[in-house]
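**Student:** My questions all concern the structure below.
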Amino acid sequence: MIHYFSSDIGGIEIPPLFTYPFHYTPHPLTLRAASEVQTYLKTRADWAEEISHGKMFGVLIIRTPENRIGFLAAFSGNLAGSNLHEYFVPPVYDLLQPDDFFKKEETAISAINHKVSEIKNSPLYKLLKEQCKSAHETAEQQLTAARKALKEAKKLRDEKRKATSDPKLLQTLINESQFQKAEFKRLERRLKEEVAQKDEDLNVWEVEISRMKQERKNRSAALQMKLFKHFKMLNAFGGTKDLCEIFAETRQGIPPAGAGECALPKLLQYAYLNHLKPLAMGEFWWGESPKEEIRHHGQFYPSCKSKCEPILKHMLVGLPIEKNPLEENIHHATPLTIIYEDEWLVVIEKPAGMLSTPGKGELDSIHQRLQERYPQATGPLLVHRLDMATSGLLLAGKTKEIHAQLQDLFESRQIRKVYTAILDGIPEVSKGCINLPLCPNPDDRPRQMVSYEHGKKAITFYTVLATKGNASLVQFDLQTGRTHQIRVHAAHPNGLNCPIKGDTLYGKPADRLYLHASEIEFTHPVTGKSICLKSTVPFGLK
C-alpha cells in the first residue's frame with residue numbers, strides 16, 4: 001500500500017508538524033502525492049463513470065521505519081461496490097465482507113423490507129385500501145346529503161310555523177323534526193359501523209406493516225451500534241477507542257452513519273498499524289460537484305466536522321500538529337480603524353482574520369474593542385457581522401435604542417451593503433442575480449449548503465468590474481444576509497461557479513480571503529440624513 005514518489009523529492013522540505021486537518025494549505029509533498037493518485041485514477045477506465053459523479057480521496061505522507069518518504073492513498077466510503085482495492089489502504093473495518101455479521105443482518109433487514117413491499121403491493125391489500133377509501137367517501141357523501149335534506153326540511157317547517165297557530169299542525173311539525181333527526185342519527189350510526197368494519201379489515205394489515213417497520217428500525221439501530229464497536233480507532237500512542245466510545249463524549253452522543261469510513265481515518269489507521277509515521281495529509285474531490293454541497297474537481301478540502309472531528313481528536317493524539325491558524329491572535333496589536341463616528345453610532349473597518357464577535361478561545365474581536373472604547377455604551381453595539389476572514393465595514397450603535405433601530409433597518413432591507421471580491425475564474429455572464437436558498441450543512445458546520453427544501457431565501461446581485469487572466473474583480477450587492485451567502489453563491493455550480501480567491505471552505509487557499517465589505521449606505525435613524533460610506537479595497541487584480 002506504500003507508494004514512493006515517481007519523481008525526485010530531494011529538494012522538498014519535510015514538514016516538521018503534521019497538517020491541521022480542518023484548516024490547511026496542502027504541503028508540496030501532499031500536492032505531489034495527490035497528483036500521482038489523480039494520474040492513477042485516470043488509468044482506471046472501469047471506474048470512470050462512478051467517480052465522474054464525485055468522490056473524496058485522500059493522501060497521507062509517511063516516513064517508513066527504514067526512513068524512506070512515501071505516501072498512502074484512500075477513498076471515502078466504498079468504490080466499485082468494494083472496500084478493497086490494491087492501490088488504496090483497506091478500511092478500518094470491512095463491513096462488506098460477505099460472511100460478516102453486518103452483511104447477514106443487512107440481508108435479514110432487507111428481507112423485512114421485501115415483506116413490507118409484498119404486502120403493500122398485494123392485490124388484497126390494495127383492494128382493502130380502495131374499499132376503505134370508498135367507504136369513507138360514500139359515508140361522507142350520504143351524510144352531507146342527509147344534512148342538506150334536514151336543513152331544507154327545517155326551513156319548510158319554519159315557514160309553516162310562521163303561517164299557522166293550529167296546535168295539531170305545530171305538534172305534527174315537532175314530530176316530523178324529531179323523526180328526521182332520529183333517522184339521521186340511525187343513518188350516521190349505520191355508516192359509522194360500515195366504515196369501522198372496513199377500517200378494521202385494513203388495520204389488520206397496517207398493524208403488521210407497522211410491526212415490521214418498527215422491527216426494521218430497531219434491528220438497523222442495533223446493527224449500526226454493533227458495527228461502530230468494530231471500528232477500533234488507534235492513535236499515535238497506541239491508544240484504542242471504538243466509535244461508540246469516541247462519540248459518547250460528544251454532544252451528538254452516537255456516531256453518525258458513515259463514521260470511520262472517510263479517507264483520513266483510514267489512512268491514519270493503516271499508518272499506525274504498520275509503524276509508519278504520518279507527516280502530512282490532504283483530501284481532494286474528484287468529479288462533479290454534489291447538487292447541494294460545493295466541491296470542485298481536483299481541489300483540497302478540510303476534513304468534515306460531524307463525522308471526522310471527534311474521531312481525529314482521538315487519532316491525532318501523540319502527533320505533533322500544526323496550530324489551528326484561526327486561533328492565532330494576529331491582530332492583538334492592530335489599532336481599531338474608525339471610518340465614521342457621531343454620538344449615536346460608529347462604523348469600523350474590520351481587518352481580515354479578526355473576529356466580529358467573541359468566539360472560542362481568547363481571540364480579540366471587534367466587539368471587545370468597542371466595549372473597551374465605549375464603556376458607557378448601553379447596547380449590544382455591533383448591528384451585523386462579517387466572517388472572520390472577511391475585511392471591511394461594520395456598523396455599530398452606541399445605545400440600545402439606536403442598535404434596535406439599525407437592526408430594524410437591516411431586517412427591512414433599508415441598509416445597502418456592497419462587497420468587492422476577487423474570484424478564481426470569470427463568470428459566464430458579467431452582470432446578474434443569484435437566487436439560491438441556503439442553510440447550514442448539518443454534517444459539516446460551519447459550511448453552508450444550497451437546499452430548496454430547508455434553505456432560506458438568499459439573493460445576491462453581482463457585477464464583474466474587471467478581469468485578468470483567469471481571475472475577476474466582482475462587486476456584490478446583497479439583498480439578504482445569510483451566513484456565507486456571497487461565498488456560496490460565488491462558488492456553487494448553479495451560482496457563478498467561481499469561488500472567491502482564498503476561500504478555504506468553498507475554494508482554494510491563498511494568503512487571505514479576497515472578500516471586502518466595501519460600502520454601506522443607510523438613513524441615519526436620528527438625523528434622517530443619508531449616510532454612504534466607502535472603504536478602500538485592500539486588493540486588486542495583478
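Starting from 1 in every chain, residues are counted up; chains themselves are A, B, ... following the order of the C-alpha cells, and ligands are numbered from 1 as listed.
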Using only C-alpha atoms, what table do you get, as CSV, when you list each residue of segment 263-362 of chain A with an atom no more than 12 Å from segment 405-420 of chain A, its nearest pair of atoms, and their distance in Å rounded to one decimal, rows by chain then rising number?
**Tutor:**
residue,atom,partner,partner_atom,distance
A:Trp344,CA,A:Leu406,CA,10.7
A:Leu345,CA,A:Leu406,CA,9.3
A:Val346,CA,A:Leu406,CA,11.5
**Student:** Can you tell me, as number ranges by chain, what residues are no more than 10 Å from His53 of chain A when counting only C-alpha atoms, ignoring any on the same chain fewer than 6 positions away?
**Tutor:** A: 286-290
**Student:** May I have the residues from that selection written out with N, CA and C atoms, as an mmCIF file, in the first residue's frame?
**Tutor:**
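Final output, out.cif:
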data_model
loop_
_atom_site.group_PDB
_atom_site.id
_atom_site.type_symbol
_atom_site.label_atom_id
_atom_site.label_comp_id
_atom_site.auth_asym_id
_atom_site.auth_seq_id
_atom_site.Cartn_x
_atom_site.Cartn_y
_atom_site.Cartn_z
ATOM 1 N N TRP A 286 -12.797 14.603 -6.464
ATOM 2 C CA TRP A 286 -12.570 14.205 -7.851
ATOM 3 C C TRP A 286 -13.918 13.929 -8.514
ATOM 4 N N GLY A 287 -14.262 14.702 -9.534
ATOM 5 C CA GLY A 287 -15.529 14.513 -10.234
ATOM 6 C C GLY A 287 -16.457 15.700 -10.089
ATOM 7 N N GLU A 288 -17.713 15.488 -10.466
ATOM 8 C CA GLU A 288 -18.708 16.562 -10.424
ATOM 9 C C GLU A 288 -19.032 16.959 -8.988
ATOM 10 N N SER A 289 -19.462 18.204 -8.834
ATOM 11 C CA SER A 289 -19.871 18.676 -7.515
ATOM 12 C C SER A 289 -21.247 18.114 -7.166
ATOM 13 N N PRO A 290 -21.498 17.802 -5.891
ATOM 14 C CA PRO A 290 -22.861 17.430 -5.479
ATOM 15 C C PRO A 290 -23.808 18.604 -5.728
#
**Student:** Rounded to one decimal, what separation in Å do you get between atom CA of Arg447 of chain A and atom CA of Ala517 of chain A?
**Tutor:**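 So the two atoms, atom CA of Arg447 of chain A and atom CA of Ala517 of chain A, lie 20.1 Å apart.
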**Student:** For each of A:Leu72, A:Tyr462, A:Ala259, A:Ile311, take the minimum atom-to-atom distance to Thr240 of chain A, counting only C-alpha atoms, then give the residue where this is smallest.
**Tutor:**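 Once distances to Thr240 of chain A are computed over only C-alpha atoms, the minimum belongs to A:Ile311.
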**Student:** Compile the contact shell of segment 169-173 of chain A as a list in words: residues with an atom at most 10 Å away, counting only C-alpha atoms, same-chain residues fewer than 4 positions apart removed.
**Tutor:**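 Listing them by chain and then by number gives Lys154, Leu156, Arg157, Asp158, Lys160, Arg161, Thr164, Ser165, Ser177, Gln178 and Phe179 of chain A.
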**Student:** Find the residues around Cys308 of chain A up to 9 Å (only C-alpha atoms counted), leave out those fewer than 5 positions away in its own chain, and share them as a VMD selection string.
**Tutor:** chain A and resid 259 to 260 262 264 to 265 303 313
**Student:** So that I have them on file, write out the residues from the current selection with N, CA, C and O atoms, as a tab-separated table (two decimals), in the first residue's frame.
**Tutor:**
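Output file part-v3.tsv follows:
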chain	number	residue	atom	x	y	z
A	259	ALA	N	-19.57	7.08	9.81
A	259	ALA	CA	-18.42	7.47	10.63
A	259	ALA	C	-17.33	6.42	10.52
A	259	ALA	O	-17.59	5.22	10.52
A	260	GLY	N	-16.08	6.87	10.41
A	260	GLY	CA	-14.94	5.97	10.31
A	260	GLY	C	-14.62	5.52	8.90
A	260	GLY	O	-13.63	4.82	8.67
A	262	CYS	N	-14.36	7.74	6.23
A	262	CYS	CA	-13.74	8.80	5.44
A	262	CYS	C	-12.26	8.48	5.21
A	262	CYS	O	-11.68	7.61	5.86
A	264	LEU	N	-9.23	10.12	5.69
A	264	LEU	CA	-8.15	10.34	6.65
A	264	LEU	C	-8.14	9.32	7.79
A	264	LEU	O	-7.06	8.81	8.14
A	265	PRO	N	-9.26	8.98	8.43
A	265	PRO	CA	-9.21	7.93	9.46
A	265	PRO	C	-8.65	6.61	8.91
A	265	PRO	O	-7.89	5.91	9.61
A	303	SER	N	-11.12	18.33	6.52
A	303	SER	CA	-11.89	17.16	6.98
A	303	SER	C	-13.24	17.62	7.52
A	303	SER	O	-13.38	18.73	8.04
A	313	LYS	N	-9.81	13.84	16.72
A	313	LYS	CA	-9.38	14.34	18.03
A	313	LYS	C	-8.69	13.23	18.80
A	313	LYS	O	-7.70	13.46	19.53
**Student:** Assign secondary structure with DSSP using the backbone only, and return the residues of segment 288-388 of chain A in alpha helix (DSSP H) as number ranges by chain.
**Tutor:** A: 308-315, 366-373
**Student:** As a PyMOL selection string, which residues of segment 29-97 of chain A does DSSP assign to strand (DSSP E)?
**Tutor:** chain A and resi 55-63+69-75
**Student:** I need the residue nearest Ile486 of chain A from this list: A:His516, A:Arg216, A:Lys468, A:Arg44. Use only C-alpha atoms for the distance.
**Tutor:**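 Of A:His516, A:Arg216, A:Lys468, A:Arg44, the one nearest Ile486 of chain A is A:His516, counting only C-alpha atoms.
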**Student:** Can you list, as number ranges by chain, every protein, DNA or RNA residue that comes within 9 Å of Leu336 of chain A when you count only C-alpha atoms, leaving out same-chain residues fewer than 6 positions away?
**Tutor:** A: 348-351, 366, 369-370
**Student:** Need the shell around segment 183-187 of chain A: protein/DNA/RNA residues with any atom at most 9 Å away, counting only C-alpha atoms. Skip same-chain ones fewer than 2 positions apart. Format as a list in words?
**Tutor:**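 Listed by chain and then number, they are Gln142, Leu143, Ala146, Arg147, Leu150, Gln178, Phe179, Gln180, Lys181, Arg189, Arg190, Leu191 and Lys192 of chain A.
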**Student:** Please produce a file of the residues just selected, as a PDB file, in the first residue's frame, where the atoms kept are N, CA, C and O atoms.
**Tutor:**
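Heads up, here's the output in result_25.pdb:
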ATOM      1  N   GLN A 142     -73.166  10.603   1.733  1.00  0.00           N
ATOM      2  CA  GLN A 142     -74.527  10.355   2.216  1.00  0.00           C
ATOM      3  C   GLN A 142     -74.872  11.263   3.398  1.00  0.00           C
ATOM      4  O   GLN A 142     -75.986  11.796   3.478  1.00  0.00           O
ATOM      5  N   LEU A 143     -73.906  11.450   4.296  1.00  0.00           N
ATOM      6  CA  LEU A 143     -74.158  12.310   5.453  1.00  0.00           C
ATOM      7  C   LEU A 143     -74.309  13.767   5.026  1.00  0.00           C
ATOM      8  O   LEU A 143     -75.139  14.498   5.583  1.00  0.00           O
ATOM      9  N   ALA A 146     -77.759  14.048   3.609  1.00  0.00           N
ATOM     10  CA  ALA A 146     -78.762  13.971   4.677  1.00  0.00           C
ATOM     11  C   ALA A 146     -78.807  15.281   5.470  1.00  0.00           C
ATOM     12  O   ALA A 146     -79.898  15.754   5.846  1.00  0.00           O
ATOM     13  N   ARG A 147     -77.642  15.881   5.734  1.00  0.00           N
ATOM     14  CA  ARG A 147     -77.614  17.166   6.445  1.00  0.00           C
ATOM     15  C   ARG A 147     -78.309  18.241   5.624  1.00  0.00           C
ATOM     16  O   ARG A 147     -79.041  19.088   6.180  1.00  0.00           O
ATOM     17  N   LEU A 150     -82.039  17.683   5.908  1.00  0.00           N
ATOM     18  CA  LEU A 150     -82.510  18.143   7.209  1.00  0.00           C
ATOM     19  C   LEU A 150     -82.661  19.661   7.224  1.00  0.00           C
ATOM     20  O   LEU A 150     -83.648  20.205   7.742  1.00  0.00           O
ATOM     21  N   GLN A 178     -88.452  15.559  15.003  1.00  0.00           N
ATOM     22  CA  GLN A 178     -87.845  14.536  15.844  1.00  0.00           C
ATOM     23  C   GLN A 178     -87.571  13.260  15.052  1.00  0.00           C
ATOM     24  O   GLN A 178     -86.516  12.624  15.213  1.00  0.00           O
ATOM     25  N   PHE A 179     -88.499  12.893  14.197  1.00  0.00           N
ATOM     26  CA  PHE A 179     -88.337  11.687  13.381  1.00  0.00           C
ATOM     27  C   PHE A 179     -87.147  11.821  12.417  1.00  0.00           C
ATOM     28  O   PHE A 179     -86.324  10.909  12.281  1.00  0.00           O
ATOM     29  N   GLN A 180     -87.078  12.971  11.737  1.00  0.00           N
ATOM     30  CA  GLN A 180     -85.986  13.170  10.776  1.00  0.00           C
ATOM     31  C   GLN A 180     -84.614  13.184  11.468  1.00  0.00           C
ATOM     32  O   GLN A 180     -83.638  12.654  10.942  1.00  0.00           O
ATOM     33  N   LYS A 181     -84.549  13.781  12.649  1.00  0.00           N
ATOM     34  CA  LYS A 181     -83.281  13.787  13.387  1.00  0.00           C
ATOM     35  C   LYS A 181     -82.896  12.378  13.824  1.00  0.00           C
ATOM     36  O   LYS A 181     -81.720  11.992  13.772  1.00  0.00           O
ATOM     37  N   ARG A 189     -75.098   6.254  12.427  1.00  0.00           N
ATOM     38  CA  ARG A 189     -74.585   5.109  13.179  1.00  0.00           C
ATOM     39  C   ARG A 189     -74.303   3.931  12.249  1.00  0.00           C
ATOM     40  O   ARG A 189     -73.265   3.265  12.373  1.00  0.00           O
ATOM     41  N   ARG A 190     -75.217   3.704  11.284  1.00  0.00           N
ATOM     42  CA  ARG A 190     -75.025   2.577  10.347  1.00  0.00           C
ATOM     43  C   ARG A 190     -73.779   2.791   9.486  1.00  0.00           C
ATOM     44  O   ARG A 190     -72.960   1.881   9.305  1.00  0.00           O
ATOM     45  N   LEU A 191     -73.625   4.015   8.966  1.00  0.00           N
ATOM     46  CA  LEU A 191     -72.456   4.315   8.124  1.00  0.00           C
ATOM     47  C   LEU A 191     -71.157   4.216   8.924  1.00  0.00           C
ATOM     48  O   LEU A 191     -70.138   3.737   8.424  1.00  0.00           O
ATOM     49  N   LYS A 192     -71.215   4.673  10.172  1.00  0.00           N
ATOM     50  CA  LYS A 192     -70.022   4.602  11.022  1.00  0.00           C
ATOM     51  C   LYS A 192     -69.609   3.157  11.251  1.00  0.00           C
ATOM     52  O   LYS A 192     -68.404   2.832  11.239  1.00  0.00           O
TER      53      LYS A 192
END
**Student:** If we count only C-alpha atoms, what is near segment 498-506 of chain A at a cut-off of 10 Å, once residues fewer than 4 positions away on the same chain are taken out, given as a PyMOL selection string?
**Tutor:** chain A and resi 22-25+293-296+299-302+389-390+421-428+446-448+470-474+484+486-493+510-515
**Student:** Can I get the selection written as a JSON list (two decimals), in the first residue's frame, with C-alpha atoms?
**Tutor:**
[["chain", "number", "residue", "atom", "x", "y", "z"],
["A", 22, "PHE", "CA", -9.63, 21.35, 9.50],
["A", 23, "HIS", "CA", -7.84, 24.37, 8.03],
["A", 24, "TYR", "CA", -4.76, 23.82, 5.92],
["A", 25, "THR", "CA", -2.77, 24.66, 2.83],
["A", 293, "GLU", "CA", -22.61, 20.96, -1.24],
["A", 294, "ILE", "CA", -19.77, 22.76, -3.01],
["A", 295, "ARG", "CA", -16.97, 20.52, -4.20],
["A", 296, "HIS", "CA", -14.73, 21.48, -7.14],
["A", 299, "GLN", "CA", -9.50, 20.87, -5.10],
["A", 300, "PHE", "CA", -8.50, 20.14, -1.50],
["A", 301, "TYR", "CA", -10.97, 20.39, 1.37],
["A", 302, "PRO", "CA", -10.73, 20.28, 5.17],
["A", 389, "ALA", "CA", -11.71, 36.00, 7.06],
["A", 390, "THR", "CA", -13.66, 38.91, 5.52],
["A", 421, "ALA", "CA", -14.11, 40.25, -4.25],
["A", 422, "ILE", "CA", -11.58, 38.58, -6.49],
["A", 423, "LEU", "CA", -12.84, 35.30, -7.94],
["A", 424, "ASP", "CA", -10.87, 32.32, -9.16],
["A", 425, "GLY", "CA", -12.42, 32.29, -12.62],
["A", 426, "ILE", "CA", -14.54, 34.53, -14.80],
["A", 427, "PRO", "CA", -18.37, 34.37, -14.61],
["A", 428, "GLU", "CA", -20.08, 33.47, -17.88],
["A", 446, "PRO", "CA", -19.79, 25.98, 9.59],
["A", 447, "ARG", "CA", -20.15, 25.19, 5.88],
["A", 448, "GLN", "CA", -23.43, 26.23, 4.28],
["A", 470, "ASN", "CA", -8.38, 33.60, -15.07],
["A", 471, "ALA", "CA", -9.39, 35.99, -12.29],
["A", 472, "SER", "CA", -12.14, 38.58, -11.99],
["A", 473, "LEU", "CA", -12.86, 41.56, -9.76],
["A", 474, "VAL", "CA", -16.55, 41.46, -8.86],
["A", 484, "HIS", "CA", -21.52, 32.74, 3.81],
["A", 486, "ILE", "CA", -21.55, 35.57, -1.19],
["A", 487, "ARG", "CA", -19.03, 32.77, -0.72],
["A", 488, "VAL", "CA", -21.57, 30.03, -1.56],
["A", 489, "HIS", "CA", -23.25, 31.99, -4.37],
["A", 490, "ALA", "CA", -19.87, 32.65, -5.97],
["A", 491, "ALA", "CA", -18.61, 29.05, -5.68],
["A", 492, "HIS", "CA", -21.74, 26.98, -6.35],
["A", 493, "PRO", "CA", -22.13, 25.47, -9.85],
["A", 510, "ALA", "CA", -4.43, 31.78, -0.59],
["A", 511, "ASP", "CA", -2.77, 34.38, 1.63],
["A", 512, "ARG", "CA", -6.24, 35.68, 2.61],
["A", 513, "LEU", "CA", -9.91, 35.57, 1.65],
["A", 514, "TYR", "CA", -10.28, 38.15, -1.09],
["A", 515, "LEU", "CA", -13.64, 39.48, 0.08]]
**Student:** Pick out the closest residue to Pro358 of chain A from this set: A:Leu382, A:Ala222, A:Cys532, A:Ile62. Count only C-alpha atoms.
**Tutor:** A:Leu382
**Student:** Which residue gives the smallest distance to His297 of chain A among A:Pro16, A:Gly540, A:Gly359, A:Gly54, with only C-alpha atoms counted?
**Tutor:**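 Using only C-alpha atoms, the shortest distance to His297 of chain A belongs to A:Gly54.
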**Student:** Hey, can you check how far atom CA of Leu234 of chain A sits from atom CA of Leu268 of chain A?
**Tutor:**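 Answer for the atom CA of Leu234 of chain A to atom CA of Leu268 of chain A separation: 8.0 Å.
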**Student:** With distances taken over only C-alpha atoms, which residue among A:Phe101, A:Tyr20, A:Tyr272, A:Tyr40 lies nearest Glu86 of chain A?
**Tutor:**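 Residue with the minimum atom-to-atom distance to Glu86 of chain A: A:Tyr40.
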